[in-house]
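Take a look at the structure set out below.
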Amino acid sequence: MNKEEFLENFANQFDDTDPSEITFDTRFHELDEWSSLIGMSMIAMVKVSYNKTISGAELRSCITVEDVYKLISLK
């Protein structure tokens, strides 16, 4: 899994947030646009793009975008 590709896929889940605002250090839960609906689309994106399954609890336990990347990398 390529880090740049993952970051782009992650940022694409947000409609109103400028992708340049999202980095590996971004605390994504703190973004104004973050919602449970985006969380669900994030889980679906991981399944479709990377053929890996993460749970809502696992996603909630992540603080930064890099935490999500590491979670997926370890699966």
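Ligands are numbered from 1 in the order shown, chains are lettered A, B, ... in the order of the structure tokens, and residues start at 1 in each chain.
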Inset, instruction - For stretch 2-19 of chain A, list every protein, DNA or RNA residue within 12 Å, evaluated using only C-alpha atoms, and leave out those in the same chain fewer than 5 positions away; present the list as a ChimeraX atom specification. - result: /A:24-26,28,30-46,48-50,64-70,72-73
Inset, instruction - Would you please give, as a ChimeraX atom specification, all residues of chain A that DSSP assigns to alpha helix (DSSP H) based on the backbone? - result: /A:3-11,36-50,56-61,65-73
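Our summary of the geometry notes that atom CA of A:Lys75 is positioned 13.1 Å from atom CA of A:Leu59.
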